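One file, entry.txt, carrying compact mmCIF, C-alpha atoms:
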# COMPACT_ATOMS: atom_id res chain seq x y z
CA MET A 1486 26.76 -72.55 -7.11
CA LEU A 1487 27.64 -74.60 -4.05
CA HIS A 1488 26.21 -78.09 -3.46
CA LEU A 1489 26.48 -79.68 -0.03
CA ASP A 1490 26.37 -83.40 0.68
CA HIS A 1491 27.34 -85.57 3.63
CA THR A 1492 28.25 -88.90 2.09
CA THR A 1493 30.07 -90.31 -0.92
CA VAL A 1494 28.26 -93.66 -0.70
CA PRO A 1495 26.34 -94.46 -3.90
CA GLY A 1496 22.67 -93.84 -3.20
CA GLY A 1497 19.65 -92.16 -4.74
CA ALA A 1498 20.56 -88.65 -3.59
CA GLU A 1499 24.19 -88.97 -4.63
CA TYR A 1500 23.39 -90.41 -8.06
CA ALA A 1501 20.74 -87.73 -8.64
CA LEU A 1502 23.24 -84.91 -8.05
CA LEU A 1503 25.97 -86.69 -9.98
CA ARG A 1504 23.75 -87.20 -13.03
CA MET A 1505 22.50 -83.63 -12.98
CA LEU A 1506 26.05 -82.24 -12.89
CA GLN A 1507 27.23 -84.68 -15.54
CA ALA A 1508 24.43 -83.46 -17.81
CA GLY A 1509 26.04 -80.04 -18.01
CA VAL A 1510 24.78 -76.83 -16.47
CA ALA A 1511 25.12 -73.14 -17.18
CA TRP A 1512 26.54 -72.28 -13.75
CA SER A 1513 29.93 -73.18 -12.27
CA PRO A 1514 29.26 -75.67 -9.46
CA THR A 1515 31.32 -76.74 -6.49
CA VAL A 1516 30.52 -79.80 -4.37
CA VAL A 1517 31.51 -79.80 -0.70
CA LEU A 1518 31.36 -83.14 1.07
CA ALA A 1519 31.47 -83.87 4.78
CA PRO A 1520 33.79 -86.81 5.49
CA THR A 1521 32.26 -90.24 6.13
CA ALA A 1522 33.60 -93.63 7.13
CA GLU A 1523 34.48 -94.18 3.47
CA THR A 1524 37.57 -92.57 2.00
CA GLY A 1525 37.96 -90.63 -1.21
CA LEU A 1526 35.28 -89.04 -3.32
CA GLY A 1527 33.24 -92.20 -3.83
CA VAL A 1528 30.50 -91.69 -6.40
CA TYR A 1529 31.57 -88.07 -6.96
CA ALA A 1530 34.89 -89.17 -8.44
CA ALA A 1531 32.88 -89.49 -11.68
CA LEU A 1532 32.09 -85.77 -11.80
CA PRO A 1533 33.46 -83.87 -14.81
CA PRO A 1534 36.68 -81.85 -14.27
CA SER A 1535 34.70 -78.60 -14.54
CA VAL A 1536 33.11 -79.36 -11.15
CA ASP A 1537 35.27 -78.53 -8.16
CA ARG A 1538 35.11 -81.12 -5.35
CA ARG A 1539 36.18 -80.71 -1.74
CA VAL A 1540 36.02 -83.04 1.27
CA VAL A 1541 36.24 -80.94 4.44
CA GLY A 1542 35.23 -81.02 8.08
CA VAL A 1543 34.60 -83.91 10.46
CA ARG A 1544 33.12 -87.34 9.86
CA GLN A 1545 29.31 -87.51 9.85
CA PRO A 1546 28.23 -91.08 10.73
CA ALA A 1547 24.96 -92.46 9.37
CA GLY A 1548 21.91 -93.40 11.38
CA VAL A 1549 22.62 -91.30 14.48
CA SER A 1550 19.12 -89.80 14.59
CA ARG A 1551 17.94 -93.15 15.95
CA ASP A 1552 20.83 -93.74 18.38
CA GLY A 1553 20.85 -93.14 22.13
CA PRO A 1554 21.22 -89.69 23.77
CA GLY A 1555 24.99 -90.01 24.20
CA LEU A 1556 25.68 -90.76 20.55
CA GLN A 1557 23.20 -88.09 19.48
CA LEU A 1558 25.10 -85.52 21.54
CA VAL A 1559 28.36 -86.51 19.85
CA ALA A 1560 26.64 -86.29 16.47
CA ALA A 1561 25.28 -82.83 17.33
CA VAL A 1562 28.78 -81.61 18.16
CA ARG A 1563 30.07 -83.03 14.88
CA LEU A 1564 27.26 -81.27 13.04
CA VAL A 1565 28.07 -77.90 14.61
CA VAL A 1566 31.77 -78.30 13.83
CA GLN A 1567 30.89 -79.18 10.23
CA ALA A 1568 28.71 -76.06 10.02
CA VAL A 1569 31.54 -73.84 11.28
CA VAL A 1570 34.05 -75.36 8.87
CA THR A 1571 31.59 -74.95 5.99
CA ARG A 1572 30.79 -71.34 6.93
CA MET A 1573 34.51 -70.44 6.83
CA LEU A 1574 35.01 -71.81 3.31
CA PRO A 1575 35.61 -69.13 0.65
CA GLU A 1576 33.28 -71.14 -1.62
CA PHE A 1577 30.48 -70.68 0.91
CA ARG A 1578 31.11 -67.00 1.58
CA HIS A 1579 31.15 -66.17 -2.13
CA ALA A 1580 28.43 -68.57 -3.29
CA GLY A 1581 25.58 -67.12 -5.29
CA ILE A 1582 23.35 -69.89 -3.97
CA VAL A 1583 23.81 -72.96 -1.74
CA ASN A 1584 21.95 -76.21 -2.34
CA ALA A 1585 21.78 -79.00 0.28
CA ASN A 1586 21.46 -82.40 -1.38
CA THR A 1587 20.45 -84.45 1.70
CA ALA A 1588 18.82 -83.91 5.09
CA ARG A 1589 22.15 -84.14 6.94
CA ALA A 1590 23.75 -81.71 4.52
CA ALA A 1591 20.76 -79.42 5.01
CA ALA A 1592 21.31 -79.51 8.78
CA TYR A 1593 24.91 -78.33 8.71
CA GLY A 1594 24.17 -76.06 5.73
CA ALA A 1595 21.31 -74.33 7.56
CA LEU A 1596 23.48 -73.80 10.63
CA ALA A 1597 26.22 -72.35 8.43
CA ALA A 1598 23.74 -70.09 6.63
CA ARG A 1599 21.94 -68.95 9.78
CA CYS A 1600 23.90 -65.70 10.15
CA SER A 1601 24.44 -65.28 6.43
CA ARG A 1602 22.38 -63.82 3.63
CA VAL A 1603 23.43 -66.53 1.18
CA PRO A 1604 20.36 -67.96 -0.60
CA PHE A 1605 19.77 -71.48 0.75
CA VAL A 1606 17.90 -74.28 -1.06
CA VAL A 1607 17.00 -77.68 0.40
CA HIS A 1608 16.37 -80.77 -1.71
CA LEU A 1609 13.75 -82.62 0.33
CA ARG A 1610 14.03 -86.33 -0.36
CA ASP A 1611 11.83 -87.67 2.43
CA MET A 1612 8.74 -86.88 4.43
CA VAL A 1613 9.08 -84.44 7.32
CA ASP A 1614 8.18 -87.05 9.88
CA PRO A 1615 10.01 -88.87 12.70
CA SER A 1616 9.38 -92.25 11.03
CA ALA A 1617 11.36 -91.07 8.01
CA LEU A 1618 13.98 -88.78 9.56
CA GLY A 1619 14.24 -90.04 13.13
CA ARG A 1620 13.29 -87.84 16.07
CA THR A 1621 16.46 -85.76 15.96
CA GLY A 1622 16.36 -85.39 12.18
CA ASP A 1623 12.70 -84.41 12.29
CA PHE A 1624 13.39 -81.78 14.99
CA LEU A 1625 16.26 -80.29 12.99
CA MET A 1626 14.21 -80.25 9.81
CA ARG A 1627 11.23 -78.47 11.40
CA ARG A 1628 13.07 -76.07 13.70
CA VAL A 1629 16.40 -75.35 11.99
CA ILE A 1630 16.43 -76.27 8.31
CA LEU A 1631 13.06 -75.37 6.82
CA PRO A 1632 12.69 -71.98 8.59
CA ARG A 1633 16.02 -70.94 7.02
CA ALA A 1634 15.26 -72.30 3.54
CA ASP A 1635 14.72 -69.80 0.73
CA GLY A 1636 13.64 -72.62 -1.56
CA VAL A 1637 12.68 -76.28 -1.33
CA ILE A 1638 12.73 -78.81 -4.16
CA GLY A 1639 10.93 -82.13 -3.79
CA ASP A 1640 10.63 -85.16 -6.04
CA THR A 1641 6.87 -85.32 -5.49
CA VAL A 1642 4.10 -83.42 -3.73
CA PRO A 1643 3.76 -85.32 -0.38
CA PRO A 1644 7.20 -84.36 1.03
CA LEU A 1645 6.61 -80.71 0.11
CA ASP A 1646 3.17 -80.74 1.73
CA SER A 1647 4.73 -82.10 4.92
CA ALA A 1648 7.27 -79.24 4.83
CA ARG A 1649 4.95 -76.29 4.10
CA PRO A 1650 3.84 -75.59 7.72
CA HIS A 1651 7.48 -74.95 8.66
CA LEU A 1652 8.48 -72.70 5.73
CA ARG A 1653 8.45 -68.94 5.33
CA ARG A 1654 5.58 -67.63 3.24
CA ASP A 1655 7.89 -66.40 0.51
CA ALA A 1656 9.92 -69.63 0.18
CA VAL A 1657 10.00 -70.98 -3.38
CA VAL A 1658 8.55 -74.51 -3.42
CA ARG A 1659 8.77 -76.66 -6.55
CA VAL A 1660 8.40 -80.30 -7.61
CA ILE A 1661 11.18 -81.63 -9.85
CA PRO A 1662 11.80 -85.37 -10.24
CA SER A 1663 15.35 -86.44 -9.49
CA ALA A 1664 17.81 -86.98 -12.31
CA SER A 1665 17.41 -90.72 -12.85
CA GLY A 1666 19.43 -91.40 -15.98
CA LEU A 1667 16.36 -91.56 -18.20
CA ARG A 1668 16.86 -91.54 -21.94
CA PRO A 1669 14.32 -91.62 -24.76
CA ARG A 1670 14.08 -95.13 -26.19
CA PRO A 1671 11.41 -97.53 -27.40
CA PRO A 1672 10.26 -100.01 -24.74
CA ALA A 1673 11.91 -103.42 -24.86
CA PRO A 1674 9.60 -106.10 -26.30
CA THR A 1675 7.56 -108.18 -23.87
CA ARG A 1676 8.86 -111.75 -23.57
CA ARG A 1677 6.26 -114.44 -24.12
CA ASP A 1678 8.30 -117.55 -23.36
CA GLY A 1679 10.22 -118.77 -20.33
CA GLY A 1680 9.55 -118.11 -16.68
CA LEU A 1681 8.56 -114.68 -15.44
CA ARG A 1682 11.48 -112.44 -14.45
CA ILE A 1683 10.68 -110.11 -11.57
CA GLY A 1684 13.11 -107.45 -10.37
CA MET A 1685 13.69 -104.70 -7.84
CA LEU A 1686 16.36 -102.01 -8.12
CA ALA A 1687 16.99 -100.50 -4.68
CA ARG A 1688 19.70 -100.41 -2.07
CA ILE A 1689 19.44 -103.29 0.39
CA ASP A 1690 17.64 -101.73 3.35
CA PRO A 1691 14.84 -103.15 5.55
CA TRP A 1692 12.35 -100.42 4.62
CA LYS A 1693 12.91 -100.79 0.88
CA GLY A 1694 10.79 -103.94 0.93
CA GLN A 1695 13.10 -106.71 -0.30
CA ARG A 1696 11.85 -109.05 2.45
CA LEU A 1697 8.23 -108.30 1.52
CA LEU A 1698 8.89 -108.99 -2.16
CA LEU A 1699 10.80 -112.18 -1.37
CA ASP A 1700 7.89 -113.53 0.69
CA ALA A 1701 5.35 -112.55 -2.00
CA PHE A 1702 7.48 -114.20 -4.69
CA ALA A 1703 7.64 -117.46 -2.73
CA ASP A 1704 3.87 -117.31 -2.18
CA ALA A 1705 3.03 -116.65 -5.82
CA PHE A 1706 5.55 -118.84 -7.63
CA ALA A 1707 6.24 -121.95 -5.58
CA GLY A 1708 7.21 -124.80 -7.88
CA THR A 1709 7.56 -122.63 -11.00
CA ASP A 1710 10.50 -121.42 -13.06
CA ALA A 1711 9.92 -117.72 -12.27
CA THR A 1712 12.97 -115.83 -11.01
CA LEU A 1713 13.44 -112.89 -8.68
CA GLU A 1714 16.36 -110.48 -9.11
CA LEU A 1715 17.39 -107.98 -6.42
CA ALA A 1716 19.83 -105.31 -7.62
CA GLY A 1717 21.51 -102.98 -5.15
CA SER A 1718 24.33 -102.81 -2.65
CA ALA A 1719 23.97 -102.88 1.13
CA PRO A 1720 25.39 -99.53 2.35
CA PHE A 1721 24.95 -97.87 5.74
CA GLY A 1722 25.64 -101.04 7.70
CA HIS A 1723 22.93 -103.26 6.18
CA GLU A 1724 25.17 -106.22 5.36
CA ARG A 1725 23.42 -108.21 8.12
CA PHE A 1726 20.05 -107.58 6.48
CA LEU A 1727 21.46 -108.88 3.17
CA ALA A 1728 22.55 -112.06 4.96
CA GLU A 1729 19.04 -112.36 6.44
CA LEU A 1730 17.53 -112.11 2.96
CA ARG A 1731 19.77 -114.88 1.67
CA ALA A 1732 18.83 -117.07 4.62
CA ARG A 1733 15.13 -116.29 4.10
CA ALA A 1734 15.36 -117.39 0.45
CA VAL A 1735 16.79 -120.72 1.61
CA GLU A 1736 14.09 -121.07 4.25
CA LEU A 1737 11.35 -120.43 1.66
CA GLY A 1738 12.85 -122.96 -0.76
CA VAL A 1739 13.46 -120.42 -3.55
CA ALA A 1740 17.18 -119.71 -3.16
CA ASP A 1741 17.95 -121.32 -6.53
CA ARG A 1742 15.59 -118.82 -8.23
CA VAL A 1743 16.64 -115.63 -6.41
CA VAL A 1744 19.58 -113.59 -7.73
CA PHE A 1745 21.39 -110.96 -5.64
CA HIS A 1746 23.17 -108.75 -8.17
CA GLY A 1747 24.75 -106.29 -5.73
CA HIS A 1748 25.61 -102.87 -7.12
CA VAL A 1749 24.86 -102.57 -10.84
CA GLU A 1750 26.36 -99.87 -13.07
CA GLU A 1751 24.38 -100.54 -16.27
CA VAL A 1752 20.87 -100.53 -14.88
CA ASP A 1753 19.03 -99.92 -18.17
CA SER A 1754 19.86 -103.27 -19.72
CA LEU A 1755 19.10 -105.09 -16.48
CA ILE A 1756 15.66 -103.49 -16.07
CA GLU A 1757 14.85 -104.16 -19.72
CA SER A 1758 15.53 -107.87 -19.12
CA TRP A 1759 12.79 -108.02 -16.48
CA ASP A 1760 9.12 -108.67 -17.19
CA VAL A 1761 7.90 -107.01 -13.99
CA ALA A 1762 9.61 -104.30 -11.90
CA VAL A 1763 8.57 -103.75 -8.28
CA GLN A 1764 8.67 -100.95 -5.71
CA ALA A 1765 7.58 -102.34 -2.32
CA SER A 1766 8.79 -99.86 0.30
CA THR A 1767 7.29 -100.50 3.72
CA ARG A 1768 6.87 -96.80 4.56
CA PRO A 1769 5.67 -94.07 2.19
CA GLU A 1770 8.36 -93.47 -0.42
CA PRO A 1771 8.73 -89.82 -1.51
CA LEU A 1772 9.43 -91.08 -5.02
CA GLY A 1773 12.08 -93.67 -5.68
CA GLN A 1774 14.15 -93.09 -8.78
CA ASN A 1775 13.70 -96.77 -9.55
CA VAL A 1776 10.02 -96.13 -10.33
CA LEU A 1777 10.94 -93.56 -13.00
CA GLN A 1778 13.55 -95.95 -14.42
CA TYR A 1779 10.99 -98.77 -14.56
CA LEU A 1780 8.49 -96.56 -16.37
CA ALA A 1781 11.01 -95.21 -18.88
CA ALA A 1782 12.09 -98.78 -19.68
CA GLY A 1783 8.52 -99.74 -20.49
CA ARG A 1784 8.19 -102.46 -17.88
CA ALA A 1785 5.06 -103.68 -16.14
CA VAL A 1786 5.43 -101.73 -12.89
CA VAL A 1787 4.01 -102.70 -9.49
CA VAL A 1788 4.13 -100.16 -6.62
CA ALA A 1789 2.78 -99.85 -3.08
CA ASP A 1790 -0.41 -97.79 -3.01
CA GLU A 1791 0.97 -94.86 -0.99
CA GLY A 1792 3.50 -92.05 -1.28
CA GLY A 1793 5.06 -90.46 -4.33
CA PRO A 1794 5.00 -93.48 -6.69
CA THR A 1795 1.21 -93.24 -6.89
CA GLU A 1796 1.63 -89.81 -8.51
CA TRP A 1797 3.38 -91.54 -11.40
CA VAL A 1798 1.77 -94.98 -11.55
CA ARG A 1799 -1.98 -95.16 -12.15
CA HIS A 1800 -3.50 -98.48 -11.25
CA ASP A 1801 -4.32 -100.63 -14.28
CA VAL A 1802 -3.35 -97.75 -16.60
CA ASN A 1803 0.46 -97.62 -16.70
CA GLY A 1804 1.13 -100.03 -13.84
CA MET A 1805 -0.44 -101.69 -10.83
CA HIS A 1806 -0.88 -100.86 -7.15
CA PHE A 1807 -0.93 -103.29 -4.25
CA PRO A 1808 -1.85 -102.60 -0.61
CA ALA A 1809 1.30 -101.34 1.11
CA ARG A 1810 3.03 -103.89 3.37
CA ASP A 1811 0.63 -106.65 2.22
CA VAL A 1812 2.45 -109.80 1.12
CA GLY A 1813 -0.74 -111.41 -0.16
CA GLY A 1814 -1.74 -108.33 -2.13
CA LEU A 1815 1.66 -108.16 -3.83
CA ALA A 1816 1.60 -111.90 -4.57
CA SER A 1817 -1.85 -111.51 -6.16
CA ALA A 1818 -0.65 -108.66 -8.42
CA LEU A 1819 2.36 -110.71 -9.53
CA ARG A 1820 0.21 -113.75 -10.31
CA ARG A 1821 -2.15 -111.59 -12.38
CA LEU A 1822 0.77 -110.28 -14.45
CA ASP A 1823 2.18 -113.78 -14.86
CA ASP A 1824 -1.16 -115.02 -16.19
CA SER A 1825 -1.45 -112.32 -18.87
CA PRO A 1826 1.41 -111.39 -21.22
CA ALA A 1827 -1.08 -109.09 -22.97
CA LEU A 1828 -1.61 -107.16 -19.73
CA ARG A 1829 2.14 -106.83 -19.25
CA ALA A 1830 2.50 -105.53 -22.81
CA ARG A 1831 -0.32 -102.99 -22.38
CA LEU A 1832 1.00 -101.66 -19.10
CA GLY A 1833 4.58 -101.56 -20.40
CA ALA A 1834 3.61 -99.50 -23.46
CA ALA A 1835 1.65 -97.08 -21.28
CA ALA A 1836 4.53 -96.87 -18.79
CA ALA A 1837 6.99 -95.73 -21.47
CA ALA A 1838 4.51 -93.02 -22.51
CA THR A 1839 4.04 -91.65 -18.97
CA PRO A 1840 4.00 -87.82 -19.11
CA GLY A 1841 6.70 -85.93 -17.24
CA LEU A 1842 9.61 -88.36 -17.54
CA LEU A 1843 12.64 -86.04 -17.87
CA THR A 1844 16.16 -86.59 -19.09
CA ASP A 1845 19.01 -85.53 -16.81
CA ALA A 1846 19.64 -82.42 -18.91
CA GLU A 1847 15.98 -81.42 -18.57
CA VAL A 1848 16.17 -81.94 -14.81
CA ALA A 1849 19.30 -79.75 -14.66
CA ARG A 1850 17.56 -76.97 -16.58
CA ALA A 1851 14.54 -77.18 -14.27
CA HIS A 1852 16.80 -76.85 -11.23
CA ALA A 1853 18.56 -73.86 -12.78
CA ALA A 1854 15.18 -72.18 -13.28
CA VAL A 1855 14.27 -72.72 -9.62
CA TYR A 1856 17.63 -71.35 -8.48
CA GLY A 1857 16.87 -68.24 -10.55
CA GLU A 1858 13.46 -67.90 -8.87
CA VAL A 1859 15.08 -68.19 -5.44
CA LEU A 1860 17.63 -65.50 -6.28
CA ASP A 1861 14.87 -63.16 -7.50
CA ALA A 1862 12.82 -63.80 -4.34
CA VAL A 1863 15.80 -63.18 -2.06
CA ARG A 1864 16.67 -59.94 -3.87
CA SER A 1865 13.05 -58.80 -3.67
CA ARG A 1866 12.92 -59.54 0.06
CA ALA A 1867 16.21 -57.73 0.65
CA ALA A 1868 14.92 -54.69 -1.26
CA GLY A 1869 11.76 -54.72 0.85
CA GLU A 1870 13.81 -54.88 4.04
CA ARG A 1871 15.89 -51.90 2.91
CA ARG A 1872 12.74 -49.89 2.18
CA GLY A 1873 11.36 -50.81 5.58
CA LEU A 1874 14.60 -49.78 7.28
CA ARG A 1875 14.55 -46.39 5.54
CA ARG A 1876 10.94 -45.82 6.64
CA HIS A 1877 11.86 -46.77 10.19
CA ARG A 1878 14.74 -44.32 10.24
CA THR A 1879 12.52 -41.46 9.06
CA ALA A 1880 9.66 -42.20 11.45
CA GLY A 1881 9.21 -41.69 15.16
CA SER A 1882 8.41 -44.47 17.55
CA ASP A 1883 4.70 -43.64 17.22
CA GLY A 1884 4.85 -43.91 13.44
CA ARG A 1885 4.66 -40.10 12.84
CA PRO A 1886 7.42 -38.29 10.93
CA ALA A 1887 10.41 -37.83 13.20
CA ARG A 1888 11.50 -34.32 14.32
CA VAL A 1889 14.35 -33.01 12.24
CA HIS A 1890 17.04 -31.21 14.24
CA GLY A 1891 16.56 -27.45 14.17
CA LEU A 1892 12.92 -27.55 13.01
CA ARG A 1893 9.67 -27.70 14.88
CA GLU A 1894 7.52 -30.77 14.32
CA GLY A 1895 5.17 -30.00 11.41
CA ALA A 1896 7.20 -27.02 10.20

Just give me the structure as structure tokens.
Amino acid sequence: MLHLDHTTVPGGAEYALLRMLQAGVAWSPTVVLAPTAETGLGVYAALPPSVDRRVVGVRQPAGVSRDGPGLQLVAAVRLVVQAVVTRMLPEFRHAGIVNANTARAAAYGALAARCSRVPFVVHLRDMVDPSALGRTGDFLMRRVILPRADGVIGDTVPPLDSARPHLRRDAVVRVIPSASGLRPRPPAPTRRDGGLRIGMLARIDPWKGQRLLLDAFADAFAGTDATLELAGSAPFGHERFLAELRARAVELGVADRVVFHGHVEEVDSLIESWDVAVQASTRPEPLGQNVLQYLAAGRAVVVADEGGPTEWVRHDVNGMHFPARDVGGLASALRRLDDSPALRARLGAAAAATPGLLTDAEVARAHAAVYGEVLDAVRSRAAGERRGLRRHRTAGSDGRPARVHGLREGA
């Protein structure tokens, strides 16, 4: 089992693979990483010793799908070189199945697998759309990656639906939520005293919605003792955006009630300390592991009314929706939750009981089952191709039985 990734920076995709492999699996995995600006194994240093790790190839910078033509050309060359290096690895040549953990890994993995019969699986973590992948990334996904994929795993239905027009008919397509560190536990009790504590767990990134939440918080809770907590680091060059958020909090007059936690290791206890947990992405989120973590912790969850989170959060049943990208709508939902501890308690209890919340071990077993389906489908297709080849060899160009040397046709 060979997993491909392109970055060691802690993020949703990296933590999902790390947790799944830490949970223990029945196959012997190897993780191959393309070098990045960061050194070392990063988040994958925490993998168990039974998992082989290798950093090979050339550096794959982030964000190039939105750069100018010159930088995109350089990135394309790097991608091809990475594919060649990957294809030459003994781990690739002898892999029973190859799984690409991110879109960039899928790009060099698909190129490496193009002239190979190795079964190739793509974990689709975003919509197949230029707004999500960039124009170059979208082109590669539609024209190079998905046509080569023997299987595709998505966190929710929308990304898979966006991929289906570009897949082979016999590709295995399955929905499995990412490994999110969920563990069975009773929901933390709802606090009924003190100011409301509102939180978001997400990397600092303009499209993750921290600015939207900050503005809604200032609108809803001016002159109160409510607090807003933003947990997450600022990878991929978003330090400037973090500075803009800090400045915006000062401008809105709420800086003394906004906490920037940075990267947090023990997320469970932090989420359980919040009264309300928010997902406010400004473009459709395929899922967001934070939403699953909020639900499992039994918090009152507020999500934008589009994308994968709406598959998990039903409005006024186990959480609340607000109109995506609408500061006023989010502020209104937060005020409603502030006004009613009973509503927060009801939604929190229903959140913890949401069907389909899987532990990391259950996610790993579900992935193993899909890998088995892919292997069966590939073997079946190969057997069909062999039968077709034998029929072709025994038939003439017009489809009639070919003449056998020394015999008359029909003899």

Report, in Å with one decimal, the straight-line distance from atom CA of Glu1736 of chain A to atom CA of Pro1769 of chain A. 28.4 Å

Just want the 7 Å neighbourhood of Gln1507 of chain A, counted on all atoms listed in the file, with same-chain residues fewer than 4 positions away dropped. Output as a ChimeraX atom specification. /A:1503,1532-1533

Quick one: write out the picked residues with C-alpha atoms as a CSV table (one decimal), in the frame of the given file?
chain,number,residue,atom,x,y,z
A,1503,LEU,CA,26.0,-86.7,-10.0
A,1532,LEU,CA,32.1,-85.8,-11.8
A,1533,PRO,CA,33.5,-83.9,-14.8

Between A:Pro1514, A:Gly1793, A:Pro1771, A:Pro1672, which one has atoms that come closest to Asp1753 of chain A, using only C-alpha atoms?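 Closest residue, counting only C-alpha atoms: A:Pro1672.
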
Could you name the residues that touch His1746 of chain A at 10 Å or less, counting all atoms listed in the file, but leaving out those on the same chain fewer than 3 positions away, as a PyMOL selection string? chain A and resi 1686+1714-1718+1743+1749+1755

Create the file for the chosen residues now, containing C-alpha atoms and written as a compact mmCIF listing (two decimals), keeping the file's coordinate frame.
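So selection.txt came out as:
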# COMPACT_ATOMS: atom_id res chain seq x y z
CA LEU A 1686 16.36 -102.01 -8.12
CA GLU A 1714 16.36 -110.48 -9.11
CA LEU A 1715 17.39 -107.98 -6.42
CA ALA A 1716 19.83 -105.31 -7.62
CA GLY A 1717 21.51 -102.98 -5.15
CA SER A 1718 24.33 -102.81 -2.65
CA VAL A 1743 16.64 -115.63 -6.41
CA VAL A 1749 24.86 -102.57 -10.84
CA LEU A 1755 19.10 -105.09 -16.48

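Going from atom CA of Gly1814 of chain A over to atom CA of Ala1835 of chain A, you cover 22.5 Å.
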
Within 6 Å of Ala1765 of chain A using all atoms listed in the file, minus same-chain residues under 2 positions, as a PyMOL selection string: chain A and resi 1694+1788-1789

Each segment 1732-1782 of chain A residue no farther than 12 Å from segment 1600-1618 of chain A, nearest pair in Å, only C-alpha atoms, as a Markdown table:
| residue | atom | partner | partner_atom | distance |
| --- | --- | --- | --- | --- |
| A:Ser1766 | CA | A:Ala1617 | CA | 12.0 |
| A:Thr1767 | CA | A:Ala1617 | CA | 11.1 |
| A:Arg1768 | CA | A:Ala1617 | CA | 8.1 |
| A:Pro1769 | CA | A:Met1612 | CA | 8.1 |
| A:Glu1770 | CA | A:Asp1611 | CA | 7.3 |
| A:Pro1771 | CA | A:Asp1611 | CA | 5.5 |
| A:Leu1772 | CA | A:Arg1610 | CA | 8.1 |
| A:Gly1773 | CA | A:Arg1610 | CA | 9.3 |
| A:Gln1774 | CA | A:Arg1610 | CA | 10.8 |

In file coordinates, which residues lie within 12 Å of (17.6, -107.2, -18.6) using only C-alpha atoms, given as a ChimeraX atom specification? /A:1672-1676,1682-1686,1714,1716,1746,1749,1751-1762,1779,1782-1784

May I have the protein, DNA and RNA residues with an atom at most 12 Å from (19.0, -67.7, -9.2), counting only C-alpha atoms in the file's coordinates, returned as a ChimeraX atom specification? /A:1486,1511-1512,1580-1584,1603-1606,1635-1636,1657,1850-1864

What is the distance between atom CA of Asp1801 of chain A and atom CA of Phe1706 of chain A, in Å to one decimal? 21.8 Å

Can you pull out the residues contacting Gly1542 of chain A? Cut-off 8 Å, using all atoms listed in the file, and skip same-chain residues under 4 positions away; I want them as a ChimeraX atom specification. /A:1519-1520,1566-1567,1570-1571

Go ahead and write the residues just picked, C-alpha atoms, as a PDB file, keeping the file's coordinate frame.
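Contents of again-v2.pdb, freshly written:
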ATOM      1  CA  ALA A1519      31.470 -83.870   4.780  1.00  0.00           C
ATOM      2  CA  PRO A1520      33.790 -86.810   5.490  1.00  0.00           C
ATOM      3  CA  VAL A1566      31.770 -78.300  13.830  1.00  0.00           C
ATOM      4  CA  GLN A1567      30.890 -79.180  10.230  1.00  0.00           C
ATOM      5  CA  VAL A1570      34.050 -75.360   8.870  1.00  0.00           C
ATOM      6  CA  THR A1571      31.590 -74.950   5.990  1.00  0.00           C
TER       7      THR A1571
END
